[in-house]
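A.B. asks: Sharing upload05.txt (compact mmCIF, C-alpha atoms (C1' of nucleotides)) below.
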# COMPACT_ATOMS: atom_id res chain seq x y z
CA MET A 227 0.00 0.00 0.00
CA PRO A 228 1.41 3.39 -0.99
CA PRO A 229 2.19 6.04 1.61
CA SER A 230 -0.65 8.30 2.65
CA ASN A 231 -0.93 11.45 0.64
CA ASN A 232 -4.31 12.54 1.91
CA LEU A 233 -6.12 12.46 5.23
CA ALA A 234 -9.15 10.62 3.83
CA SER A 235 -7.19 7.38 3.55
CA ILE A 236 -6.34 7.37 7.27
CA ARG A 237 -8.64 5.61 9.75
CA PRO A 238 -8.58 6.49 13.45
CA LEU A 239 -7.47 3.86 15.95
CA ASP A 240 -10.12 2.90 18.49
CA ARG A 241 -9.83 3.19 22.25
CA ALA A 242 -9.31 -0.56 22.70
CA PHE A 243 -6.00 -0.19 20.86
CA PHE A 244 -4.67 1.90 23.74
CA ALA A 245 -6.34 -0.08 26.55
CA ARG A 246 -3.37 -2.46 26.82
CA ASN A 247 0.10 -2.72 28.25
CA PRO A 248 2.25 0.22 27.02
CA ARG A 249 4.86 -2.19 25.63
CA ARG A 250 2.30 -3.72 23.29
CA VAL A 251 0.90 -0.32 22.34
CA ALA A 252 4.42 1.01 21.70
CA ARG A 253 5.33 -1.83 19.38
CA GLU A 254 2.08 -1.68 17.45
CA ILE A 255 1.85 2.09 17.16
CA LEU A 256 5.02 2.11 15.03
CA GLY A 257 3.97 2.79 11.43
CA LYS A 258 0.73 4.45 12.48
CA VAL A 259 0.08 8.12 11.63
CA LEU A 260 -0.18 11.19 13.85
CA VAL A 261 -2.62 13.69 12.36
CA ARG A 262 -3.15 17.38 13.10
CA ASP A 263 -6.25 18.57 11.28
CA THR A 264 -7.60 21.97 12.26
CA ASP A 265 -8.82 25.03 10.36
CA ASN A 266 -5.33 26.26 9.60
CA LEU A 267 -3.15 23.18 10.03
CA HIS A 268 -3.26 19.93 8.03
CA LEU A 269 -0.40 17.67 9.05
CA ALA A 270 0.31 13.94 8.98
CA ALA A 271 3.45 12.02 9.91
CA ARG A 272 4.34 8.39 10.43
CA ILE A 273 5.32 7.26 13.93
CA VAL A 274 8.82 5.74 13.72
CA GLU A 275 10.20 5.90 17.29
CA VAL A 276 8.45 5.66 20.68
CA GLU A 277 9.10 4.68 24.28
CA ALA A 278 6.89 2.78 26.71
CA TYR A 279 6.42 4.05 30.27
CA LEU A 280 4.85 1.48 32.50
CA GLY A 281 3.08 3.53 35.15
CA GLN A 282 3.44 3.59 38.90
CA ASN A 283 5.84 0.63 39.07
CA ASP A 284 8.23 2.19 36.52
CA PRO A 285 10.73 4.48 38.33
CA ALA A 286 11.39 6.42 35.10
CA ALA A 287 7.71 7.20 34.51
CA HIS A 288 6.08 10.48 35.49
CA ALA A 289 3.36 8.33 37.06
CA ALA A 290 5.83 6.82 39.54
CA ALA A 291 5.06 9.48 42.17
CA GLY A 292 1.31 8.91 41.91
CA ASN A 293 -1.53 11.01 40.54
CA THR A 294 -0.75 14.77 40.57
CA ALA A 295 -2.13 17.82 38.79
CA ARG A 296 0.65 17.50 36.22
CA ASN A 297 0.22 13.84 35.28
CA SER A 298 -3.45 13.12 35.99
CA VAL A 299 -4.17 12.27 32.34
CA LEU A 300 -1.99 9.19 32.79
CA PHE A 301 -4.41 7.90 35.41
CA GLY A 302 -7.48 8.54 33.26
CA PRO A 303 -8.89 6.46 30.40
CA PRO A 304 -6.68 5.31 27.48
CA GLY A 305 -6.18 7.15 24.21
CA TYR A 306 -5.70 10.68 25.58
CA ALA A 307 -2.79 13.09 25.13
CA TYR A 308 -0.44 13.65 28.05
CA VAL A 309 1.67 16.71 27.23
CA TYR A 310 4.40 17.87 29.59
CA PHE A 311 6.90 20.73 29.54
CA ILE A 312 10.56 19.89 30.09
CA TYR A 313 13.91 21.66 30.50
CA GLY A 314 12.23 25.04 30.42
CA ASN A 315 12.01 24.75 26.63
CA HIS A 316 10.20 21.81 25.16
CA TYR A 317 6.90 19.98 25.07
CA CYS A 318 6.63 16.21 24.74
CA LEU A 319 3.62 14.15 23.69
CA ASN A 320 2.44 10.85 25.18
CA VAL A 321 -0.71 8.83 24.71
CA SER A 322 -2.31 7.28 27.79
CA CYS A 323 -2.63 3.48 27.89
CA GLU A 324 -4.09 0.82 30.19
CA ARG A 325 -7.37 1.82 31.84
CA GLU A 326 -8.87 4.41 34.16
CA GLY A 327 -6.99 4.26 37.47
CA LYS A 328 -3.98 2.44 36.01
CA ALA A 329 -1.24 4.64 34.55
CA GLY A 330 0.90 3.80 31.55
CA SER A 331 1.82 5.67 28.39
CA VAL A 332 3.78 5.82 25.17
CA LEU A 333 6.10 8.77 24.44
CA PHE A 334 6.40 9.89 20.80
CA ARG A 335 10.10 10.30 19.94
CA ALA A 336 10.23 10.64 16.15
CA LEU A 337 7.95 11.05 13.13
CA ASP A 338 8.45 10.75 9.38
CA PRO A 339 6.54 13.62 7.71
CA LEU A 340 3.87 12.70 5.15
CA LEU A 341 1.75 15.82 4.73
CA GLY A 342 2.21 19.51 5.55
CA ILE A 343 5.99 19.63 5.50
CA ALA A 344 6.10 23.36 4.78
CA GLU A 345 3.76 24.00 7.71
CA MET A 346 5.90 21.86 10.00
CA ALA A 347 8.98 23.83 9.00
CA ALA A 348 7.11 27.06 9.73
CA SER A 349 6.13 25.79 13.19
CA ARG A 350 9.76 24.84 13.80
CA ARG A 351 10.90 28.22 12.48
CA VAL A 352 13.42 26.62 10.15
CA SER A 353 14.02 26.94 6.42
CA LEU A 354 13.88 23.96 4.10
CA GLU A 355 16.56 25.59 1.93
CA GLY A 356 20.28 25.02 2.20
CA PRO A 357 22.33 22.28 3.80
CA ARG A 358 20.16 21.91 6.89
CA ASP A 359 19.57 18.33 8.06
CA PHE A 360 16.00 17.64 6.96
CA THR A 361 15.47 14.99 9.64
CA LYS A 362 15.75 17.63 12.37
CA LEU A 363 12.20 18.63 11.42
CA THR A 364 10.56 15.82 13.46
CA SER A 365 13.42 13.78 14.96
CA GLY A 366 13.22 13.96 18.76
CA PRO A 367 10.27 14.42 21.12
CA GLY A 368 10.69 18.18 21.48
CA ARG A 369 11.11 18.70 17.75
CA LEU A 370 8.05 16.72 16.72
CA ALA A 371 5.92 18.51 19.30
CA GLU A 372 7.05 21.86 17.93
CA ALA A 373 6.46 20.75 14.33
CA PHE A 374 2.87 19.83 15.24
CA GLY A 375 2.29 22.94 17.35
CA ILE A 376 1.67 20.80 20.42
CA THR A 377 1.60 22.57 23.79
CA ARG A 378 0.31 21.57 27.20
CA ALA A 379 -2.25 24.37 27.24
CA ARG A 380 -3.68 23.38 23.86
CA ASP A 381 -3.40 19.64 23.82
CA ASN A 382 -3.07 18.03 27.25
CA GLY A 383 -6.11 15.77 27.73
CA ARG A 384 -7.09 15.75 24.05
CA ASP A 385 -8.81 12.59 22.78
CA LEU A 386 -6.39 11.04 20.27
CA THR A 387 -8.98 8.53 19.04
CA SER A 388 -11.34 11.22 17.74
CA PRO A 389 -10.78 13.12 14.46
CA ASP A 390 -13.10 15.76 15.89
CA SER A 391 -10.41 16.67 18.41
CA GLY A 392 -8.09 17.92 15.67
CA LEU A 393 -5.19 15.78 16.94
CA TRP A 394 -5.51 12.03 16.50
CA ILE A 395 -3.80 8.78 15.57
CA GLY A 396 -4.74 6.67 12.55
CA GLU A 397 -3.60 3.85 10.35
CA ASP A 398 -3.30 3.69 6.57
CA GLY A 399 -2.31 0.08 5.94
CA PHE A 400 1.44 0.67 6.19
CA LEU A 401 3.33 -2.43 7.38
CA SER A 402 6.21 -1.72 9.73
CA ARG A 403 9.55 -3.34 8.87
CA GLY A 404 12.67 -3.66 10.98
CA ILE A 405 11.29 -2.98 14.44
CA ARG A 406 14.11 -2.85 17.00
CA THR A 407 14.30 -2.02 20.68
CA SER A 408 16.82 -0.38 22.98
CA SER A 409 17.03 1.23 26.38
CA ARG A 410 15.18 4.52 26.80
CA ILE A 411 16.88 7.85 26.18
CA GLY A 412 17.43 10.69 28.64
CA ILE A 413 16.38 8.94 31.83
CA ARG A 414 18.35 8.31 35.03
CA LYS A 415 16.27 5.52 36.56
CA ALA A 416 15.46 2.04 35.21
CA VAL A 417 17.95 2.73 32.40
CA ASP A 418 18.47 -0.88 31.37
CA ARG A 419 14.95 -1.82 30.40
CA PRO A 420 14.49 -2.23 26.60
CA LEU A 421 11.42 -0.02 26.27
CA ARG A 422 12.37 2.13 23.28
CA TYR A 423 10.89 0.88 20.00
CA PHE A 424 11.91 2.16 16.57
CA LEU A 425 12.02 1.39 12.85
CA ALA A 426 15.74 0.80 12.38
CA GLN A 427 15.90 1.84 8.73
CA ASN A 428 14.06 5.12 9.14
CA PRO A 429 16.26 8.24 8.90
CA PHE A 430 14.07 10.25 11.30
CA VAL A 431 14.83 8.00 14.27
CA SER A 432 16.58 10.10 16.92
CA GLY A 433 19.82 9.31 18.70
CA GLY A 434 21.43 5.92 18.43
CA ARG A 435 20.10 3.35 16.01
CA LYS A 436 21.84 0.52 17.82
CA SER A 437 19.63 -2.03 19.43
CA THR A 438 20.55 -3.37 22.85
CA SER A 439 17.99 -6.14 22.56
CA PRO A 440 17.23 -9.00 20.22
CA ARG A 441 15.23 -8.46 17.08
CA ILE A 442 11.51 -8.49 17.65
C1' DA B 42 32.12 12.45 14.82
C1' DT B 43 31.68 13.01 19.78
C1' DA B 44 31.65 16.11 23.88
C1' DT B 45 30.14 19.70 26.67
C1' DC B 46 27.25 23.34 28.02
C1' DG B 47 23.55 26.95 28.51
C1' DA B 48 18.70 27.85 28.10
C1' DT B 49 14.54 28.30 31.09
C1' DT B 50 10.40 26.79 34.01
C1' DA B 51 7.15 23.44 36.22
C1' DT B 52 7.41 20.35 39.67
C1' DC B 53 8.88 18.17 43.69
C1' DT B 54 12.03 17.70 48.10
C1' DG C 26 17.11 24.54 45.87
C1' DA C 27 17.64 20.65 42.56
C1' DT C 28 16.12 18.22 38.88
C1' DA C 29 14.21 17.09 34.36
C1' DA C 30 11.27 11.43 29.20
C1' DT C 31 15.61 18.05 25.33
C1' DC C 32 17.68 20.97 21.84
C1' DG C 33 20.95 23.88 19.54
C1' DA C 34 25.28 25.98 19.59
C1' DT C 35 30.01 25.66 20.17
C1' DA C 36 34.29 23.34 20.80
C1' DT C 37 37.51 19.82 19.84
C1' DG C 38 39.49 15.22 17.44
So that I can check it, write out the structure of this file as structure tokens.
C.D. replies:
Amino acid sequence: MPPSNNLASIRPLDRAFFARNPRRVAREILGKVLVRDTDNLHLAARIVEVEAYLGQNDPAAHAAAGNTARNSVLFGPPGYAYVYFIYGNHYCLNVSCEREGKAGSVLFRALDPLLGIAEMAASRRVSLEGPRDFTKLTSGPGRLAEAFGITRARDNGRDLTSPDSGLWIGEDGFLSRGIRTSSRIGIRKAVDRPLRYFLAQNPFVSGGRKSTSPRI
DNA sequence: ATATCGATTATCT
DNA sequence: GATAATCGATATG
């Protein structure tokens, strides 16, 4: 099946997709499509790198300290956006997993742009001219959030299963190839767990492309 | 190509 | 007061 070149060919994922262990959601969400579809923004990009955060029993997860004002979306129903602000500079996007009362999420780490590349560049305030590395458009959690105009104020708690919300996740028949795993990036606790999932051949994958775990 | 560092603020100890 | 699920710039091999 050819790559998506229009939003009409993308079908939203249902809530049951997210109502599972974050490891399973992380693996299966690779190759799916993140869509921003509002009055003035029409973006789509393929999900090529994610990390699973396992909830209250995962020391690296924001949910580890329990339900707070910041992370309460993680403890709500599955399929909703958890957006947090980090390092005084950047927003990062997660989708809630599991079920109401049980935290768990998947962090989006890299996207491969399909639609609205010029708009993404404008959101990132970069030019597409010159020798600039094109993958910097959506490679990395902070970069992809900026490309999609995602902020906590606008998007935290948004329903990612509903096209009506303007930010949602769909599938277009793409079959993921070369899924690999590694340890998660940028964390200090539980560093050895292989909870980062990525498409090894995709140029937008951030950081190291080396797997620390067997092929899956 | 890898290393180091400053930015800048919400959140928690 | 310290830390953080990061990025971009600068320095150095």
A.B. asks: Calculated over only C-alpha atoms (C1' of nucleotides), which of the candidates A:Glu397, A:Glu277, A:Glu324, A:Asp359 has the smallest distance to chain C?
C.D. replies: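 Smallest distance to chain C is found for A:Glu277.
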A.B. asks: Output as a Markdown table one row per residue of chain A within 7 Å of chain C: the closest atom pair and its distance in Å to one decimal place, counting all atoms listed in the file, sorted by chain and residue number ascending.
C.D. replies:
| residue | atom | partner | partner_atom | distance |
| --- | --- | --- | --- | --- |
| A:Ile312 | CA | C:DA29 | C1' | 6.3 |
| A:Tyr313 | CA | C:DA29 | C1' | 6.0 |
| A:His316 | CA | C:DT31 | C1' | 6.6 |
| A:Gly368 | CA | C:DT31 | C1' | 6.2 |
| A:Gly412 | CA | C:DA30 | C1' | 6.2 |
| A:Ile413 | CA | C:DA30 | C1' | 6.3 |
A.B. asks: Find the residues in chain A near chain B: any atom within 10 Å counts, using all atoms listed in the file. Write them as a list in words.
C.D. replies: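 Listing them in order of chain and number gives Ala291, Thr294, Ala295, Arg296, Tyr310, Phe311, Ile312, Tyr313, Gly314, Asn315 and His316 of chain A.
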A.B. asks: Quick one: write out the picked residues with C-alpha atoms as an mmCIF file, in the frame of the given file?
C.D. replies:
data_model
loop_
_atom_site.group_PDB
_atom_site.id
_atom_site.type_symbol
_atom_site.label_atom_id
_atom_site.label_comp_id
_atom_site.auth_asym_id
_atom_site.auth_seq_id
_atom_site.Cartn_x
_atom_site.Cartn_y
_atom_site.Cartn_z
ATOM 1 C CA ALA A 291 5.060 9.480 42.170
ATOM 2 C CA THR A 294 -0.750 14.770 40.570
ATOM 3 C CA ALA A 295 -2.130 17.820 38.790
ATOM 4 C CA ARG A 296 0.650 17.500 36.220
ATOM 5 C CA TYR A 310 4.400 17.870 29.590
ATOM 6 C CA PHE A 311 6.900 20.730 29.540
ATOM 7 C CA ILE A 312 10.560 19.890 30.090
ATOM 8 C CA TYR A 313 13.910 21.660 30.500
ATOM 9 C CA GLY A 314 12.230 25.040 30.420
ATOM 10 C CA ASN A 315 12.010 24.750 26.630
ATOM 11 C CA HIS A 316 10.200 21.810 25.160
#
A.B. asks: Select, counting only C-alpha atoms (C1' of nucleotides), all protein, DNA and RNA residues no farther than 8 Å from (3.8, 14.3, 8.3) in file coordinates, and express the selection as a PyMOL selection string.
C.D. replies: chain A and resi 259-261+269-272+337-343
A.B. asks: When you draw a straight line from atom CA of A:Ala286 to atom CA of A:Lys415, how long is it in Å?
C.D. replies: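 Atom-to-atom, atom CA of A:Ala286 to atom CA of A:Lys415, that is 5.2 Å.
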A.B. asks: Which value, in Å to one decimal, gives the distance between atom CA of A:Asn293 and atom CA of A:Arg262?
C.D. replies: 28.2 Å
A.B. asks: What is the atom CA of A:Asp381 to atom CA of A:Ala307 distance in Å?
C.D. replies: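 These two atoms are separated by 6.7 Å.
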A.B. asks: Could you list, as a list in words, every residue within 6 Å of A:Tyr306, counting all atoms listed in the file and ignoring same-chain residues fewer than 6 positions away?
C.D. replies: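 Final neighbour list, sorted by chain and number: Val321, Ser322, Gly383, Arg384, Asp385 and Leu386 of chain A.
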A.B. asks: Give as a list of chain:residue names the set of residues within 12 Å of the point (13.9, 0.4, 32.7), where distances use the file's coordinates and only C-alpha atoms (C1' of nucleotides).
C.D. replies: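 Those residues lying close to the given coordinates are A:Arg249, A:Glu277, A:Ala278, A:Tyr279, A:Leu280, A:Gly281, A:Asn283, A:Asp284, A:Pro285, A:Ala286, A:Ala287, A:Ser408, A:Ser409, A:Arg410, A:Ile411, A:Gly412, A:Ile413, A:Arg414, A:Lys415, A:Ala416, A:Val417, A:Asp418, A:Arg419, A:Pro420, A:Leu421, A:Arg422, C:DA30.
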A.B. asks: Which residues, written as a PyMOL selection string, have at least one atom at most 7 Å from stretch 373-377 of chain A, with all atoms listed in the file counted and residues fewer than 3 positions away on the same chain left out?
C.D. replies: chain A and resi 262+309+317+346-347+349-350+363-364+369-370+380-381
A.B. asks: Those selected residues, please, written with C-alpha atoms and delivered as a compact mmCIF listing (two decimals), in the frame of the given file.
C.D. replies:
# COMPACT_ATOMS: atom_id res chain seq x y z
CA ARG A 262 -3.15 17.38 13.10
CA VAL A 309 1.67 16.71 27.23
CA TYR A 317 6.90 19.98 25.07
CA MET A 346 5.90 21.86 10.00
CA ALA A 347 8.98 23.83 9.00
CA SER A 349 6.13 25.79 13.19
CA ARG A 350 9.76 24.84 13.80
CA LEU A 363 12.20 18.63 11.42
CA THR A 364 10.56 15.82 13.46
CA ARG A 369 11.11 18.70 17.75
CA LEU A 370 8.05 16.72 16.72
CA ARG A 380 -3.68 23.38 23.86
CA ASP A 381 -3.40 19.64 23.82
A.B. asks: Which neighbours of stretch 240-247 of chain A fall inside 7 Å, counting all atoms listed in the file, when residues of the same chain fewer than 6 positions from it are skipped, and could you give them as a list in words?
C.D. replies: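 In the requested format, the answer is Pro304, Gly305, Cys323, Glu324, Arg325 and Thr387 of chain A.
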A.B. asks: With all atoms listed in the file as the counted atoms, please give the residues lying no more than 7 Å from stretch 430-433 of chain A, apart from itself and same-chain residues fewer than 5 positions off, as a list in words.
C.D. replies: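 So, after excluding close chain neighbours, the residues are Val274, Glu275, Ala336, Leu337, Asp338, Thr361, Thr364, Ser365, Gly366 and Phe424 of chain A.
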